[in-house]
Amino acid sequence: DAWNGRRGARSASFISAGAAMAGPRAQLSTLATAVQLDSFTKVKEMMDTMIAELKKQQADEVKFKDYCQKELKTTEKEILDKNGLKKDLESKLSQLEALTDRLGDEIDEAKKQISETEVAIKKASETREEENKEFQSVVADQRASQTILKKALNKLKDFYEKGIGKAVLAQRSDQTPPVQFNDYENNAGSNSVVGLMEQIIEDSKALEKEALVGETKAQSEYESFVKDSNSLIKSLQDSVSTKSKAVAAAKGDSAEAQADLGSAAEELESLAQIEADLHGECDWLLKSFDIRQKARLQEIESVQQAKSILSGA
């Protein structure tokens, strides 16, 4: 009995020392008292329960650490990906805005060219109409002049070239005039007059021909101008139509990208909150994990040593 008493006292003393090593624990103090008051079997069972609980805490902390590291890594990757998506969407919106502005300017310029070309066609038509009236007037004047000149010329030719004048005078040659005159002869200037009239007629014809050539050329150039201008207008209208569709598509893409950007911003806010919560939940453990694991391991070893003493080791 004396030996058992000394052994119990020594166990209680070791348990108290182990409790001091592992940190204050109410259960160890209880055990120290229980060694003196109860059987070793019950004490060792309590020690086993303590060790099992400590090991469970160790394992739970390892699992929680793994959870924290995994969740933080996953969240950080999601934040990185979302920030990348946000940057891409912002770049896309900037490009779409620039595209829309450029296409808008090009459409405005094309419409301006269409308007200017239509005005140019109208002016060209008015000018052509005036030129044609002038041409018609010139031709009419020249032809009228030619008709009058030809009639006058024919009269002169009938008189001088066909000898109508001489024939008339010849019919009266048998009569003796009361006054003696020189013999009748063709006027010396008649040839000059006829020649001049013929030249005027030829000049008039040449002027008419020149006017006709000019009219034909002007009409041809006008028709080519109108044809080219209409082709340009058609091309510009097609360009306006195509670019207007491109603008509509760009605006649609921009609206979609803007919606995606809003969603990305909301998700980033949510992820930032999740990350903050994880840090609040995990940082204390991650920073003190090694120290806590080491301290708990020492506590387990202390309890195991105490149990070994109680078992007679």
# chains A, B, ... in the order shown; residues from 1 in each chain; ligands from 1

$ residues_around --residues "stretch 79-86 of chain A" --least-positions-apart "3" --cutoff "7 Å" --atoms "only C-alpha atoms" --output "list in words"
Thr75, Glu76, Leu89, Glu90, Leu261, Ala264, Leu268 and Leu271 of chain A

$ write_last_selection --atoms "N, CA and C atoms" --output "mmCIF file, in the first residue's frame"
data_model
loop_
_atom_site.group_PDB
_atom_site.id
_atom_site.type_symbol
_atom_site.label_atom_id
_atom_site.label_comp_id
_atom_site.auth_asym_id
_atom_site.auth_seq_id
_atom_site.Cartn_x
_atom_site.Cartn_y
_atom_site.Cartn_z
ATOM 1 N N THR A 75 -10.248 30.736 -55.475
ATOM 2 C CA THR A 75 -10.825 32.088 -55.522
ATOM 3 C C THR A 75 -9.873 33.065 -56.199
ATOM 4 N N GLU A 76 -8.590 32.976 -55.870
ATOM 5 C CA GLU A 76 -7.599 33.858 -56.490
ATOM 6 C C GLU A 76 -7.533 33.646 -58.002
ATOM 7 N N LEU A 89 -13.025 42.706 -72.063
ATOM 8 C CA LEU A 89 -14.302 43.340 -72.395
ATOM 9 C C LEU A 89 -14.151 44.852 -72.527
ATOM 10 N N GLU A 90 -13.356 45.440 -71.655
ATOM 11 C CA GLU A 90 -13.116 46.888 -71.739
ATOM 12 C C GLU A 90 -12.393 47.236 -73.033
ATOM 13 N N LEU A 261 -19.676 42.902 -69.098
ATOM 14 C CA LEU A 261 -18.778 43.645 -68.218
ATOM 15 C C LEU A 261 -19.444 43.911 -66.873
ATOM 16 N N ALA A 264 -19.373 40.698 -64.982
ATOM 17 C CA ALA A 264 -18.019 40.424 -64.504
ATOM 18 C C ALA A 264 -17.698 41.283 -63.285
ATOM 19 N N LEU A 268 -16.830 39.904 -59.639
ATOM 20 C CA LEU A 268 -15.586 40.291 -58.960
ATOM 21 C C LEU A 268 -15.872 40.801 -57.552
ATOM 22 N N LEU A 271 -16.580 37.721 -55.547
ATOM 23 C CA LEU A 271 -15.342 36.974 -55.290
ATOM 24 C C LEU A 271 -14.471 37.696 -54.274
#

$ residues_around --residues "A:Glu61" --least-positions-apart "5" --cutoff "9 Å" --atoms "only C-alpha atoms" --output "PyMOL selection string"
chain A and resi 56+66+285+289+293

$ residues_around --residues "A:Ala120" --least-positions-apart "5" --cutoff "10 Å" --atoms "only C-alpha atoms" --output "compact mmCIF listing (two decimals) with C-alpha atoms, in the first residue's frame"
# COMPACT_ATOMS: atom_id res chain seq x y z
CA ILE A 114 -23.96 61.54 -102.60
CA SER A 115 -25.60 64.92 -102.00
CA SER A 125 -28.27 68.85 -116.59
CA GLU A 126 -29.18 72.53 -116.39
CA PHE A 225 -20.65 62.22 -116.47
CA VAL A 226 -24.20 61.28 -115.49
CA SER A 229 -21.97 59.94 -111.22

$ closest_residue --among "A:Glu106, A:Asp88, A:Glu97, A:Asp203" --to "A:Ser241" --atoms "only C-alpha atoms"
A:Glu106

$ residues_around --residues "A:Leu212" --least-positions-apart "4" --cutoff "9 Å" --atoms "only C-alpha atoms" --output "list of chain:residue names"
A:Phe135, A:Val139, A:Leu207, A:Glu208, A:Thr216, A:Lys217

$ write_last_selection --atoms "all heavy atoms" --output "CSV table (one decimal), in the first residue's frame"
chain,number,residue,atom,x,y,z
A,135,PHE,N,-27.2,75.7,-128.9
A,135,PHE,CA,-26.9,74.9,-130.1
A,135,PHE,C,-28.1,75.0,-131.1
A,135,PHE,O,-27.9,75.3,-132.3
A,135,PHE,CB,-26.6,73.5,-129.8
A,135,PHE,CG,-26.7,72.5,-130.9
A,135,PHE,CD1,-25.6,72.5,-131.9
A,135,PHE,CD2,-27.7,71.7,-131.1
A,135,PHE,CE1,-25.7,71.7,-133.0
A,135,PHE,CE2,-27.8,70.8,-132.2
A,135,PHE,CZ,-26.8,70.8,-133.1
A,139,VAL,N,-27.8,76.7,-134.8
A,139,VAL,CA,-28.1,75.9,-136.0
A,139,VAL,C,-29.3,76.5,-136.7
A,139,VAL,O,-29.2,76.7,-138.0
A,139,VAL,CB,-28.4,74.4,-135.6
A,139,VAL,CG1,-29.0,73.7,-136.8
A,139,VAL,CG2,-27.2,73.7,-135.1
A,207,LEU,N,-19.7,76.6,-139.5
A,207,LEU,CA,-20.1,77.0,-138.1
A,207,LEU,C,-21.2,76.0,-137.6
A,207,LEU,O,-21.2,75.6,-136.5
A,207,LEU,CB,-20.6,78.4,-138.1
A,207,LEU,CG,-21.0,78.9,-136.7
A,207,LEU,CD1,-19.8,78.8,-135.7
A,207,LEU,CD2,-21.5,80.4,-136.8
A,208,GLU,N,-22.1,75.7,-138.5
A,208,GLU,CA,-23.1,74.7,-138.2
A,208,GLU,C,-22.6,73.4,-137.8
A,208,GLU,O,-22.9,72.7,-136.9
A,208,GLU,CB,-24.1,74.6,-139.3
A,208,GLU,CG,-25.3,73.6,-139.0
A,208,GLU,CD,-26.2,73.4,-140.2
A,208,GLU,OE1,-26.1,74.2,-141.2
A,208,GLU,OE2,-27.0,72.4,-140.2
A,216,THR,N,-22.5,67.3,-130.1
A,216,THR,CA,-22.4,65.8,-130.0
A,216,THR,C,-21.3,65.5,-128.9
A,216,THR,O,-21.6,64.6,-128.0
A,216,THR,CB,-21.9,65.2,-131.3
A,216,THR,OG1,-22.8,65.5,-132.3
A,216,THR,CG2,-21.8,63.7,-131.2
A,217,LYS,N,-20.2,66.2,-128.8
A,217,LYS,CA,-19.2,66.0,-127.8
A,217,LYS,C,-19.7,66.3,-126.4
A,217,LYS,O,-19.5,65.6,-125.5
A,217,LYS,CB,-18.0,66.8,-128.1
A,217,LYS,CG,-16.8,66.6,-127.1
A,217,LYS,CD,-15.6,67.5,-127.5
A,217,LYS,CE,-14.5,67.3,-126.5
A,217,LYS,NZ,-13.4,68.2,-126.8

$ closest_residue --among "A:Thr117, A:Ser192, A:Ser220, A:Thr49" --to "A:Gln237" --atoms "only C-alpha atoms"
A:Thr117

$ residues_around --residues "A:Gln142" --least-positions-apart "3" --cutoff "12 Å" --atoms "only C-alpha atoms" --output "NGL selection string"
:A and (135-139 or 145-150 or 200-212)

$ write_last_selection --atoms "C-alpha atoms" --output "PDB file, in the first residue's frame"
ATOM      1  CA  PHE A 135     -26.908  74.931-130.108  1.00  0.00           C
ATOM      2  CA  GLN A 136     -30.437  74.789-131.460  1.00  0.00           C
ATOM      3  CA  SER A 137     -30.454  78.585-131.795  1.00  0.00           C
ATOM      4  CA  VAL A 138     -27.075  78.638-133.557  1.00  0.00           C
ATOM      5  CA  VAL A 139     -28.096  75.901-135.990  1.00  0.00           C
ATOM      6  CA  SER A 145     -28.921  82.573-142.989  1.00  0.00           C
ATOM      7  CA  GLN A 146     -27.899  79.893-145.426  1.00  0.00           C
ATOM      8  CA  THR A 147     -31.411  79.766-146.886  1.00  0.00           C
ATOM      9  CA  ILE A 148     -31.535  83.533-147.385  1.00  0.00           C
ATOM     10  CA  LEU A 149     -28.015  83.654-148.764  1.00  0.00           C
ATOM     11  CA  LYS A 150     -28.693  80.785-151.157  1.00  0.00           C
ATOM     12  CA  ILE A 200     -20.335  83.294-146.220  1.00  0.00           C
ATOM     13  CA  ILE A 201     -22.539  80.269-146.928  1.00  0.00           C
ATOM     14  CA  GLU A 202     -19.577  77.929-146.526  1.00  0.00           C
ATOM     15  CA  ASP A 203     -18.549  79.650-143.320  1.00  0.00           C
ATOM     16  CA  SER A 204     -22.109  79.292-142.074  1.00  0.00           C
ATOM     17  CA  LYS A 205     -22.121  75.595-142.930  1.00  0.00           C
ATOM     18  CA  ALA A 206     -18.763  75.187-141.203  1.00  0.00           C
ATOM     19  CA  LEU A 207     -20.095  76.966-138.138  1.00  0.00           C
ATOM     20  CA  GLU A 208     -23.150  74.738-138.162  1.00  0.00           C
ATOM     21  CA  LYS A 209     -20.953  71.648-138.471  1.00  0.00           C
ATOM     22  CA  GLU A 210     -18.709  72.898-135.692  1.00  0.00           C
ATOM     23  CA  ALA A 211     -21.727  73.523-133.502  1.00  0.00           C
ATOM     24  CA  LEU A 212     -23.017  70.033-134.253  1.00  0.00           C
TER      25      LEU A 212
END

$ closest_residue --among "A:Glu299, A:Asp283, A:Glu131, A:Asp108" --to "A:Gln57" --atoms "only C-alpha atoms"
A:Glu299

$ residues_around --residues "stretch 243-247 of chain A" --least-positions-apart "5" --cutoff "9 Å" --atoms "only C-alpha atoms" --output "CSV table (one decimal) with N, CA, C and O atoms, in the first residue's frame"
chain,number,residue,atom,x,y,z
A,99,LEU,N,-14.7,51.8,-83.7
A,99,LEU,CA,-15.2,51.3,-85.0
A,99,LEU,C,-16.5,52.0,-85.3
A,99,LEU,O,-16.7,52.5,-86.5
A,100,THR,N,-17.4,52.2,-84.3
A,100,THR,CA,-18.6,52.8,-84.6
A,100,THR,C,-18.4,54.3,-85.0
A,100,THR,O,-19.1,54.8,-85.9
A,101,ASP,N,-17.5,55.0,-84.3
A,101,ASP,CA,-17.2,56.4,-84.6
A,101,ASP,C,-16.6,56.5,-86.0
A,101,ASP,O,-17.0,57.4,-86.8
A,103,LEU,N,-17.0,54.3,-88.6
A,103,LEU,CA,-18.0,54.0,-89.6
A,103,LEU,C,-19.0,55.2,-89.7
A,103,LEU,O,-19.5,55.5,-90.8
A,104,GLY,N,-19.3,55.8,-88.5
A,104,GLY,CA,-20.3,56.9,-88.6
A,104,GLY,C,-19.7,58.1,-89.4
A,104,GLY,O,-20.4,58.7,-90.2
A,106,GLU,N,-17.5,57.8,-91.8
A,106,GLU,CA,-17.4,57.4,-93.2
A,106,GLU,C,-18.8,57.4,-93.8
A,106,GLU,O,-19.0,57.8,-95.0
A,107,ILE,N,-19.8,57.1,-93.1
A,107,ILE,CA,-21.2,57.2,-93.6
A,107,ILE,C,-21.6,58.6,-93.8
A,107,ILE,O,-22.2,58.9,-94.9
A,238,ASP,N,-24.5,51.8,-101.5
A,238,ASP,CA,-24.2,50.4,-101.1
A,238,ASP,C,-23.3,50.4,-99.9
A,238,ASP,O,-23.4,49.7,-98.9
A,252,GLY,N,-24.8,46.3,-81.3
A,252,GLY,CA,-25.4,45.1,-80.6
A,252,GLY,C,-24.3,44.4,-79.8
A,252,GLY,O,-24.5,44.0,-78.7

$ atom_distance --atom1 "atom CA of A:Ile274" --atom2 "atom CA of A:Lys65"
16.5 Å

$ atom_distance --atom1 "atom CA of A:Glu269" --atom2 "atom CA of A:Leu72"
15.4 Å

$ decode --residues "stretch 188-204 of chain A" --atoms "all heavy atoms" --output "tab-separated table (two decimals), in the first residue's frame"
chain	number	residue	atom	x	y	z
A	188	ALA	N	-18.24	94.38	-163.10
A	188	ALA	CA	-16.94	93.78	-162.80
A	188	ALA	C	-16.90	93.25	-161.37
A	188	ALA	O	-16.14	92.33	-161.04
A	188	ALA	CB	-15.85	94.81	-163.00
A	189	GLY	N	-17.73	93.80	-160.46
A	189	GLY	CA	-17.70	93.35	-159.05
A	189	GLY	C	-18.63	92.21	-158.77
A	189	GLY	O	-18.72	91.74	-157.65
A	190	SER	N	-19.36	91.76	-159.81
A	190	SER	CA	-20.34	90.69	-159.57
A	190	SER	C	-19.68	89.41	-159.10
A	190	SER	O	-20.20	88.71	-158.23
A	190	SER	CB	-21.15	90.43	-160.83
A	190	SER	OG	-20.30	89.98	-161.88
A	191	ASN	N	-18.56	89.09	-159.69
A	191	ASN	CA	-17.86	87.85	-159.29
A	191	ASN	C	-17.43	87.92	-157.83
A	191	ASN	O	-17.49	86.93	-157.09
A	191	ASN	CB	-16.65	87.61	-160.18
A	191	ASN	CG	-17.07	87.22	-161.59
A	191	ASN	OD1	-18.15	86.67	-161.79
A	191	ASN	ND2	-16.21	87.51	-162.58
A	192	SER	N	-17.00	89.10	-157.40
A	192	SER	CA	-16.58	89.25	-156.00
A	192	SER	C	-17.76	89.08	-155.06
A	192	SER	O	-17.65	88.44	-154.01
A	192	SER	CB	-15.94	90.63	-155.80
A	192	SER	OG	-14.78	90.75	-156.58
A	193	VAL	N	-18.89	89.64	-155.44
A	193	VAL	CA	-20.08	89.52	-154.60
A	193	VAL	C	-20.54	88.08	-154.51
A	193	VAL	O	-20.85	87.57	-153.42
A	193	VAL	CB	-21.21	90.41	-155.15
A	193	VAL	CG1	-22.51	90.16	-154.38
A	193	VAL	CG2	-20.82	91.87	-155.03
A	194	VAL	N	-20.56	87.42	-155.64
A	194	VAL	CA	-20.98	86.01	-155.64
A	194	VAL	C	-20.02	85.17	-154.81
A	194	VAL	O	-20.42	84.32	-154.01
A	194	VAL	CB	-21.05	85.49	-157.09
A	194	VAL	CG1	-21.24	83.97	-157.09
A	194	VAL	CG2	-22.19	86.15	-157.84
A	195	GLY	N	-18.74	85.43	-155.04
A	195	GLY	CA	-17.73	84.67	-154.29
A	195	GLY	C	-17.84	84.91	-152.80
A	195	GLY	O	-17.71	83.98	-151.99
A	196	LEU	N	-18.08	86.17	-152.41
A	196	LEU	CA	-18.22	86.49	-150.99
A	196	LEU	C	-19.43	85.81	-150.38
A	196	LEU	O	-19.36	85.26	-149.28
A	196	LEU	CB	-18.33	88.01	-150.83
A	196	LEU	CG	-18.50	88.51	-149.38
A	196	LEU	CD1	-17.32	88.06	-148.51
A	196	LEU	CD2	-18.66	90.03	-149.35
A	197	MET	N	-20.53	85.82	-151.12
A	197	MET	CA	-21.73	85.16	-150.61
A	197	MET	C	-21.52	83.65	-150.48
A	197	MET	O	-21.98	83.04	-149.52
A	197	MET	CB	-22.91	85.48	-151.51
A	197	MET	CG	-23.32	86.96	-151.50
A	197	MET	SD	-24.76	87.29	-152.54
A	197	MET	CE	-26.04	86.45	-151.62
A	198	GLU	N	-20.85	83.11	-151.48
A	198	GLU	CA	-20.56	81.66	-151.39
A	198	GLU	C	-19.66	81.36	-150.19
A	198	GLU	O	-19.84	80.35	-149.50
A	198	GLU	CB	-19.89	81.19	-152.68
A	198	GLU	CG	-20.85	81.14	-153.86
A	198	GLU	CD	-20.13	80.74	-155.15
A	198	GLU	OE1	-18.89	80.89	-155.19
A	198	GLU	OE2	-20.81	80.28	-156.07
A	199	GLN	N	-18.72	82.26	-149.94
A	199	GLN	CA	-17.82	82.07	-148.79
A	199	GLN	C	-18.59	82.17	-147.48
A	199	GLN	O	-18.38	81.39	-146.54
A	199	GLN	CB	-16.70	83.11	-148.82
A	199	GLN	CG	-15.67	82.94	-147.70
A	199	GLN	CD	-14.96	81.60	-147.77
A	199	GLN	OE1	-14.48	81.21	-148.85
A	199	GLN	NE2	-14.91	80.89	-146.65
A	200	ILE	N	-19.52	83.14	-147.43
A	200	ILE	CA	-20.34	83.29	-146.22
A	200	ILE	C	-21.18	82.05	-145.98
A	200	ILE	O	-21.32	81.58	-144.84
A	200	ILE	CB	-21.22	84.54	-146.33
A	200	ILE	CG1	-20.36	85.81	-146.33
A	200	ILE	CG2	-22.23	84.59	-145.18
A	200	ILE	CD1	-21.14	87.08	-146.60
A	201	ILE	N	-21.73	81.50	-147.06
A	201	ILE	CA	-22.54	80.27	-146.93
A	201	ILE	C	-21.68	79.12	-146.42
A	201	ILE	O	-22.09	78.36	-145.53
A	201	ILE	CB	-23.19	79.91	-148.28
A	201	ILE	CG1	-24.27	80.95	-148.63
A	201	ILE	CG2	-23.80	78.52	-148.23
A	201	ILE	CD1	-24.81	80.79	-150.04
A	202	GLU	N	-20.48	79.00	-146.96
A	202	GLU	CA	-19.58	77.93	-146.53
A	202	GLU	C	-19.16	78.12	-145.06
A	202	GLU	O	-19.09	77.15	-144.29
A	202	GLU	CB	-18.33	77.88	-147.42
A	202	GLU	CG	-18.60	77.42	-148.84
A	202	GLU	CD	-19.23	76.03	-148.87
A	202	GLU	OE1	-18.79	75.15	-148.08
A	202	GLU	OE2	-20.19	75.83	-149.65
A	203	ASP	N	-18.90	79.37	-144.72
A	203	ASP	CA	-18.55	79.65	-143.32
A	203	ASP	C	-19.72	79.30	-142.40
A	203	ASP	O	-19.52	78.78	-141.29
A	203	ASP	CB	-18.19	81.13	-143.15
A	203	ASP	CG	-16.85	81.48	-143.80
A	203	ASP	OD1	-16.09	80.54	-144.10
A	203	ASP	OD2	-16.58	82.68	-143.98
A	204	SER	N	-20.92	79.61	-142.87
A	204	SER	CA	-22.11	79.29	-142.07
A	204	SER	C	-22.27	77.79	-141.91
A	204	SER	O	-22.59	77.30	-140.83
A	204	SER	CB	-23.35	79.89	-142.73
A	204	SER	OG	-24.52	79.55	-142.00
